[in-house]
Structures are given as C-alpha cells and as structure tokens.
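Okay, upload16.pdb is below, PDB, C-alpha atoms:
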```pdb
MODEL        1
ATOM      1  CA  MET J  24       4.871  -2.802  19.137  1.00  0.00           C
ATOM      2  CA  ASN J  25       4.292   0.897  19.496  1.00  0.00           C
ATOM      3  CA  MET J  26       6.965   3.388  18.570  1.00  0.00           C
ATOM      4  CA  ASN J  27       8.808   4.393  21.712  1.00  0.00           C
ATOM      5  CA  ASN J  28       9.334   8.110  22.371  1.00  0.00           C
ATOM      6  CA  SER J  29       7.309   8.951  19.276  1.00  0.00           C
ATOM      7  CA  VAL J  30       5.358  12.042  18.508  1.00  0.00           C
ATOM      8  CA  PHE J  31       2.754   9.540  17.280  1.00  0.00           C
ATOM      9  CA  PRO J  32       2.205   7.123  20.178  1.00  0.00           C
ATOM     10  CA  ASP J  33      -0.757   5.530  18.415  1.00  0.00           C
ATOM     11  CA  LEU J  34       1.284   4.099  15.544  1.00  0.00           C
ATOM     12  CA  LYS J  35       1.847   0.371  15.534  1.00  0.00           C
ATOM     13  CA  LEU J  36       4.811  -1.316  13.854  1.00  0.00           C
ATOM     14  CA  VAL J  37       3.923  -4.549  12.057  1.00  0.00           C
ATOM     15  CA  ASN J  38       5.738  -6.915   9.722  1.00  0.00           C
ATOM     16  CA  VAL J  39       4.137  -9.185   7.143  1.00  0.00           C
ATOM     17  CA  VAL J  40       5.378 -12.401   8.721  1.00  0.00           C
ATOM     18  CA  GLU J  41       3.785 -11.710  12.106  1.00  0.00           C
ATOM     19  CA  TYR J  42       0.752  -9.820  10.794  1.00  0.00           C
ATOM     20  CA  THR J  43      -0.274 -11.652   7.616  1.00  0.00           C
ATOM     21  CA  GLU J  44      -3.577  -9.772   7.361  1.00  0.00           C
ATOM     22  CA  ILE J  45      -1.650  -6.749   6.116  1.00  0.00           C
ATOM     23  CA  LYS J  46      -0.243  -8.387   2.958  1.00  0.00           C
ATOM     24  CA  SER J  47      -2.979  -7.271   0.582  1.00  0.00           C
ATOM     25  CA  LYS J  48      -3.275  -3.767   2.017  1.00  0.00           C
ATOM     26  CA  LEU J  49       0.498  -3.239   2.103  1.00  0.00           C
ATOM     27  CA  SER J  50       0.999  -4.491  -1.459  1.00  0.00           C
ATOM     28  CA  LEU J  51      -1.573  -1.949  -2.676  1.00  0.00           C
ATOM     29  CA  PHE J  52       0.055   0.791  -0.578  1.00  0.00           C
ATOM     30  CA  PHE J  53       3.432   0.174  -2.226  1.00  0.00           C
ATOM     31  CA  GLU J  54       1.941  -0.279  -5.703  1.00  0.00           C
ATOM     32  CA  ASN J  55       0.263   3.122  -5.420  1.00  0.00           C
ATOM     33  CA  LYS J  56       3.453   4.803  -4.175  1.00  0.00           C
ATOM     34  CA  TRP J  57       6.054   3.198  -6.455  1.00  0.00           C
ATOM     35  CA  ASN J  58       4.064   2.045  -9.509  1.00  0.00           C
ATOM     36  CA  ILE J  59       5.348  -1.519  -9.207  1.00  0.00           C
ATOM     37  CA  PRO J  60       2.653  -4.207  -9.497  1.00  0.00           C
ATOM     38  CA  LYS J  61       1.264  -5.438  -6.199  1.00  0.00           C
ATOM     39  CA  GLU J  62       2.019  -9.008  -7.279  1.00  0.00           C
ATOM     40  CA  CYS J  63       5.756  -8.264  -7.018  1.00  0.00           C
ATOM     41  CA  TYR J  64       5.282  -7.229  -3.405  1.00  0.00           C
ATOM     42  CA  ILE J  65       3.064 -10.220  -2.588  1.00  0.00           C
ATOM     43  CA  GLU J  66       5.720 -12.563  -3.990  1.00  0.00           C
ATOM     44  CA  SER J  67       8.386 -10.926  -1.830  1.00  0.00           C
ATOM     45  CA  PHE J  68       6.092 -10.980   1.225  1.00  0.00           C
ATOM     46  CA  ASN J  69       5.589 -14.714   0.700  1.00  0.00           C
ATOM     47  CA  ASP J  70       9.350 -15.241   0.385  1.00  0.00           C
ATOM     48  CA  ALA J  71       9.762 -13.580   3.786  1.00  0.00           C
ATOM     49  CA  PHE J  72       8.006 -16.568   5.388  1.00  0.00           C
ATOM     50  CA  ILE J  73      10.719 -18.966   4.240  1.00  0.00           C
ATOM     51  CA  SER J  74      13.724 -16.666   4.590  1.00  0.00           C
ATOM     52  CA  LYS J  75      16.697 -18.063   6.469  1.00  0.00           C
ATOM     53  CA  ASN J  76      18.935 -14.986   6.164  1.00  0.00           C
ATOM     54  CA  GLY J  77      16.565 -12.188   7.224  1.00  0.00           C
ATOM     55  CA  VAL J  78      15.843 -11.080   3.658  1.00  0.00           C
ATOM     56  CA  PRO J  79      13.250 -10.239   2.431  1.00  0.00           C
ATOM     57  CA  TYR J  80      11.608  -8.412   5.294  1.00  0.00           C
ATOM     58  CA  TRP J  81       8.711  -5.949   5.141  1.00  0.00           C
ATOM     59  CA  ILE J  82       7.361  -3.550   7.772  1.00  0.00           C
ATOM     60  CA  ALA J  83       4.609  -0.970   8.024  1.00  0.00           C
ATOM     61  CA  LEU J  84       3.386   1.595  10.504  1.00  0.00           C
ATOM     62  CA  MET J  85      -0.364   1.660  11.006  1.00  0.00           C
ATOM     63  CA  ASP J  86      -2.547   4.194  12.743  1.00  0.00           C
ATOM     64  CA  ILE J  87      -5.254   3.271  15.246  1.00  0.00           C
ATOM     65  CA  LYS J  88      -7.801   2.989  12.407  1.00  0.00           C
ATOM     66  CA  GLY J  89      -5.672   0.420  10.587  1.00  0.00           C
ATOM     67  CA  ASN J  90      -4.451   2.777   7.865  1.00  0.00           C
ATOM     68  CA  ILE J  91      -0.895   2.328   6.665  1.00  0.00           C
ATOM     69  CA  VAL J  92       1.009   5.584   7.159  1.00  0.00           C
ATOM     70  CA  ALA J  93       4.516   4.350   6.273  1.00  0.00           C
ATOM     71  CA  GLY J  94       6.347   1.285   5.110  1.00  0.00           C
ATOM     72  CA  ALA J  95       9.631  -0.127   3.855  1.00  0.00           C
ATOM     73  CA  GLY J  96      11.373  -3.378   3.109  1.00  0.00           C
ATOM     74  CA  ILE J  97      14.615  -5.230   2.660  1.00  0.00           C
ATOM     75  CA  ILE J  98      15.188  -7.244  -0.509  1.00  0.00           C
ATOM     76  CA  GLU J  99      18.190  -8.782  -2.242  1.00  0.00           C
ATOM     77  CA  ASN J 100      18.197  -6.416  -5.239  1.00  0.00           C
ATOM     78  CA  ASP J 101      16.133  -3.310  -5.934  1.00  0.00           C
ATOM     79  CA  PHE J 102      15.799  -3.546  -9.731  1.00  0.00           C
ATOM     80  CA  HIS J 103      19.344  -2.503 -10.659  1.00  0.00           C
ATOM     81  CA  GLU J 104      22.301  -4.057 -12.464  1.00  0.00           C
ATOM     82  CA  ARG J 105      24.576  -4.503  -9.413  1.00  0.00           C
ATOM     83  CA  LYS J 106      23.297  -7.868  -8.226  1.00  0.00           C
ATOM     84  CA  ASP J 107      26.477  -8.339  -6.159  1.00  0.00           C
ATOM     85  CA  LEU J 108      25.574  -5.497  -3.765  1.00  0.00           C
ATOM     86  CA  THR J 109      23.042  -6.868  -1.343  1.00  0.00           C
ATOM     87  CA  PRO J 110      20.803  -6.545   0.660  1.00  0.00           C
ATOM     88  CA  ASN J 111      18.908  -3.413  -0.331  1.00  0.00           C
ATOM     89  CA  ILE J 112      16.474  -1.294   1.651  1.00  0.00           C
ATOM     90  CA  CYS J 113      13.598  -0.477  -0.648  1.00  0.00           C
ATOM     91  CA  ALA J 114      10.196   1.145  -1.021  1.00  0.00           C
ATOM     92  CA  LEU J 115      10.596   3.489   1.965  1.00  0.00           C
ATOM     93  CA  TYR J 116       7.579   5.758   2.002  1.00  0.00           C
ATOM     94  CA  VAL J 117       5.994   7.979   4.649  1.00  0.00           C
ATOM     95  CA  GLU J 118       2.631   9.636   4.005  1.00  0.00           C
ATOM     96  CA  GLU J 119       3.028  13.410   3.668  1.00  0.00           C
ATOM     97  CA  ASN J 120       1.059  14.349   6.787  1.00  0.00           C
ATOM     98  CA  TYR J 121       3.374  12.110   8.880  1.00  0.00           C
ATOM     99  CA  ARG J 122       6.672  13.416   7.500  1.00  0.00           C
ATOM    100  CA  HIS J 123       9.229  15.433   9.488  1.00  0.00           C
ATOM    101  CA  ASN J 124       8.628  13.384  12.635  1.00  0.00           C
ATOM    102  CA  ARG J 125      11.551  10.947  12.483  1.00  0.00           C
ATOM    103  CA  ILE J 126       9.410   8.144  11.048  1.00  0.00           C
ATOM    104  CA  ALA J 127      11.781   7.479   8.129  1.00  0.00           C
ATOM    105  CA  LYS J 128      14.668   7.333  10.600  1.00  0.00           C
ATOM    106  CA  PHE J 129      12.704   4.892  12.773  1.00  0.00           C
ATOM    107  CA  LEU J 130      11.962   2.623   9.785  1.00  0.00           C
ATOM    108  CA  LEU J 131      15.574   2.710   8.593  1.00  0.00           C
ATOM    109  CA  GLU J 132      16.890   1.893  12.066  1.00  0.00           C
ATOM    110  CA  THR J 133      14.395  -0.952  12.433  1.00  0.00           C
ATOM    111  CA  LEU J 134      15.522  -2.495   9.141  1.00  0.00           C
ATOM    112  CA  GLU J 135      19.197  -1.869   9.864  1.00  0.00           C
ATOM    113  CA  ASN J 136      18.900  -3.538  13.277  1.00  0.00           C
ATOM    114  CA  ARG J 137      17.384  -6.611  11.668  1.00  0.00           C
ATOM    115  CA  LEU J 138      20.292  -6.841   9.257  1.00  0.00           C
ATOM    116  CA  LYS J 139      22.815  -6.410  12.069  1.00  0.00           C
ATOM    117  CA  ASP J 140      21.068  -9.214  13.969  1.00  0.00           C
ATOM    118  CA  TYR J 141      21.635 -11.455  10.941  1.00  0.00           C
ATOM    119  CA  GLY J 142      25.318 -10.510  10.738  1.00  0.00           C
ATOM    120  CA  TYR J 143      25.278  -8.182   7.754  1.00  0.00           C
ATOM    121  CA  LYS J 144      28.058  -5.579   7.618  1.00  0.00           C
ATOM    122  CA  TYR J 145      26.525  -3.362   4.920  1.00  0.00           C
ATOM    123  CA  VAL J 146      23.170  -2.343   3.526  1.00  0.00           C
ATOM    124  CA  TYR J 147      22.533  -0.636   0.199  1.00  0.00           C
ATOM    125  CA  LEU J 148      19.759   1.425  -1.318  1.00  0.00           C
ATOM    126  CA  LEU J 149      18.754   2.949  -4.614  1.00  0.00           C
ATOM    127  CA  THR J 150      17.207   6.414  -4.804  1.00  0.00           C
ATOM    128  CA  ASP J 151      16.829   9.581  -6.825  1.00  0.00           C
ATOM    129  CA  LEU J 152      16.953  11.707  -3.674  1.00  0.00           C
ATOM    130  CA  VAL J 153      19.997  13.830  -2.931  1.00  0.00           C
ATOM    131  CA  GLY J 154      20.780  14.712   0.679  1.00  0.00           C
ATOM    132  CA  PHE J 155      18.094  12.654   2.398  1.00  0.00           C
ATOM    133  CA  TYR J 156      19.874   9.381   3.180  1.00  0.00           C
ATOM    134  CA  GLU J 157      23.156  11.100   3.983  1.00  0.00           C
ATOM    135  CA  ARG J 158      21.454  12.360   7.167  1.00  0.00           C
ATOM    136  CA  TYR J 159      21.166   8.770   8.311  1.00  0.00           C
ATOM    137  CA  GLY J 160      24.745   7.701   7.685  1.00  0.00           C
ATOM    138  CA  TYR J 161      24.477   6.505   4.089  1.00  0.00           C
ATOM    139  CA  GLU J 162      27.286   7.296   1.687  1.00  0.00           C
ATOM    140  CA  TYR J 163      26.787   7.861  -2.018  1.00  0.00           C
ATOM    141  CA  LEU J 164      28.741   5.283  -4.018  1.00  0.00           C
ATOM    142  CA  PHE J 165      27.880   5.848  -7.689  1.00  0.00           C
ATOM    143  CA  ASP J 166      25.032   5.949 -10.172  1.00  0.00           C
ATOM    144  CA  VAL J 167      23.759   2.527 -11.172  1.00  0.00           C
ATOM    145  CA  ARG J 168      21.730   1.504 -14.209  1.00  0.00           C
ATOM    146  CA  ASN J 169      18.171   0.448 -13.455  1.00  0.00           C
ATOM    147  CA  ASP J 170      16.865  -2.878 -14.735  1.00  0.00           C
ATOM    148  CA  GLY J 171      14.736  -2.724 -17.861  1.00  0.00           C
ATOM    149  CA  ASP J 172      15.860   0.636 -19.251  1.00  0.00           C
ATOM    150  CA  ASP J 173      18.809   2.965 -19.669  1.00  0.00           C
ATOM    151  CA  SER J 174      17.997   5.211 -16.715  1.00  0.00           C
ATOM    152  CA  TYR J 175      20.271   5.566 -13.708  1.00  0.00           C
ATOM    153  CA  SER J 176      19.665   6.108  -9.999  1.00  0.00           C
ATOM    154  CA  ARG J 177      21.909   7.019  -7.107  1.00  0.00           C
ATOM    155  CA  TYR J 178      23.319   4.092  -5.135  1.00  0.00           C
ATOM    156  CA  TYR J 179      24.130   4.330  -1.427  1.00  0.00           C
ATOM    157  CA  ARG J 180      25.735   2.141   1.228  1.00  0.00           C
ATOM    158  CA  LYS J 181      25.781   2.144   4.996  1.00  0.00           C
ATOM    159  CA  LYS J 182      28.398   0.231   6.940  1.00  0.00           C
ATOM    160  CA  PHE J 183      27.480  -1.162  10.335  1.00  0.00           C
ATOM    161  CA  GLY J 184      29.822  -0.971  13.286  1.00  0.00           C
TER     162      GLY J 184
ENDMDL
END
```
Any chance you could give the structure as structure tokens?
Amino acid sequence: MNMNNSVFPDLKLVNVVEYTEIKSKLSLFFENKWNIPKECYIESFNDAFISKNGVPYWIALMDIKGNIVAGAGIIENDFHERKDLTPNICALYVEENYRHNRIAKFLLETLENRLKDYGYKYVYLLTDLVGFYERYGYEYLFDVRNDGDDSYSRYYRKKFG
C-alpha cells in the first residue's frame, strides 16, 4: 500500500508477515540503528506469523529501489522491567533525509490502528527522547529500569478512545 496524501508517494508500506522477503533486510536495518542483534528481530518476525493477538507486528517503508527508509514494530516488552505494561511500540526509526515529513506519525498511527483493531486500550513505549512522542498523544509515565543494566529510560503510554 502506498502512503496516502504523502509528500513521498513512492514509498510502500510493508509488513513482515505479508512481505517475507524483507525479513533479512529489515533485521539488519534495525540492528544497525539500535545495536540489538539481528537474530532478536528475526525471532520476533517469526513470532508474528503465529500471533493470535496482533503482537508482535513489524512494518517498514521502502522506496522504489527497495531501500528501507523507516520502520517500527510492536512487541510485548521492550527490554525493561515493567513486564506488566504491554504491548510496546519499539524500534521506530526514520532515515534522516526522510525526517520532518510526518513519516513517524504515519508509522505510529499504523501501529496504533492495528492495536485498536485487536481491542487494545493502551500502548506503551520506551525512549530517551523528550518532547517527541508527546506530539502524538503519548503521556510520560515514569522512568523505568532497562533490562540487563542499571540504566533508565522514559516510559510513555497512549490511551485509545
């Protein structure tokens, strides 16, 4: 599907379940952006094929040459100690030369709509950014400890409806 009303009409939205050829390329894209091994992404991509509750779910925007220019996902927990707060939007990334064109908003809305379709009332996300997600209706809840170390990140929630 092409982005409607986009400044970039040649971008194509794909998800890993419907477009399996992207799994390897997308796992490398996220590994390079977030420094999390590609195998973690591949495992989550594979879980998306058997999901009954809409999670996990992974999407990407590709240009006409097949390059990934943005991507994001939904997972149960984004490497933090609050396992009870789920699902989490994760790995949102837009290449620099595509930023400031509402692409992040488009990706967030696409993921949020999926969750609404599955009956979720909330979505959460973990970030170090201040001020970015507030623009899209997310409220800061608290700082949460990251898995594997003593660092903390900001934790946000968006309520649907």
Test item: the PyMOL selection byres ((chain J and resi 104) around 10) resolved as a ChimeraX atom specification:
/J:100-103,105-108,167-171,175
For the structure shown, which residues end up in the PyMOL selection byres ((chain J and resi 38-49) around 9)? Put them as a VMD selection string, please?
chain J and resid 36 to 37 50 to 54 61 64 to 65 68 to 69 71 to 72 80 to 84 90 to 91 94
Report as an NGL selection string all protein, DNA and RNA residues lying within 9 Å of range 110-112 of chain J, evaluated on only C-alpha atoms, omitting residues in the same chain fewer than 4 positions from it.
:J and (78-79 or 95-101 or 131 or 134-135 or 138 or 143 or 145-149 or 180)
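CA of Cys113 in chain J to CA of Lys88 in chain J spans 25.3 Å [interatomic distance, one decimal].
Going from CA of Asn120 in chain J over to CA of Ile59 in chain J, you cover 22.9 Å.
One distance worth recording is that between CA of Asp151 in chain J and CA of Ala114 in chain J, which is 12.2 Å.
Across J:Asn58, J:Glu132, J:Tyr163, J:Thr150, the tightest approach to Phe183 in chain J is made by J:Glu132 when counting all atoms listed in the file.
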Which of J:Gly184, J:Pro32, J:Pro60, J:Gly89 sits closest to Lys139 in chain J [using only C-alpha atoms]:
J:Gly184
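The residue that comes closest to Gly77 in chain J, out of J:Ala93, J:Gly142, J:Lys128, J:Lys56 and on the basis of all atoms listed in the file, is J:Gly142.
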Nearest to Glu157 in chain J, chosen from J:Lys75, J:Lys35, J:Tyr178, J:Asp140, with only C-alpha atoms counted in the distances:
J:Tyr178
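Nearest-residue note for Thr109 in chain J: choosing from J:Asp70, J:Tyr159, J:Lys144, J:Arg125, the minimum distance belongs to J:Lys144, counting only C-alpha atoms.
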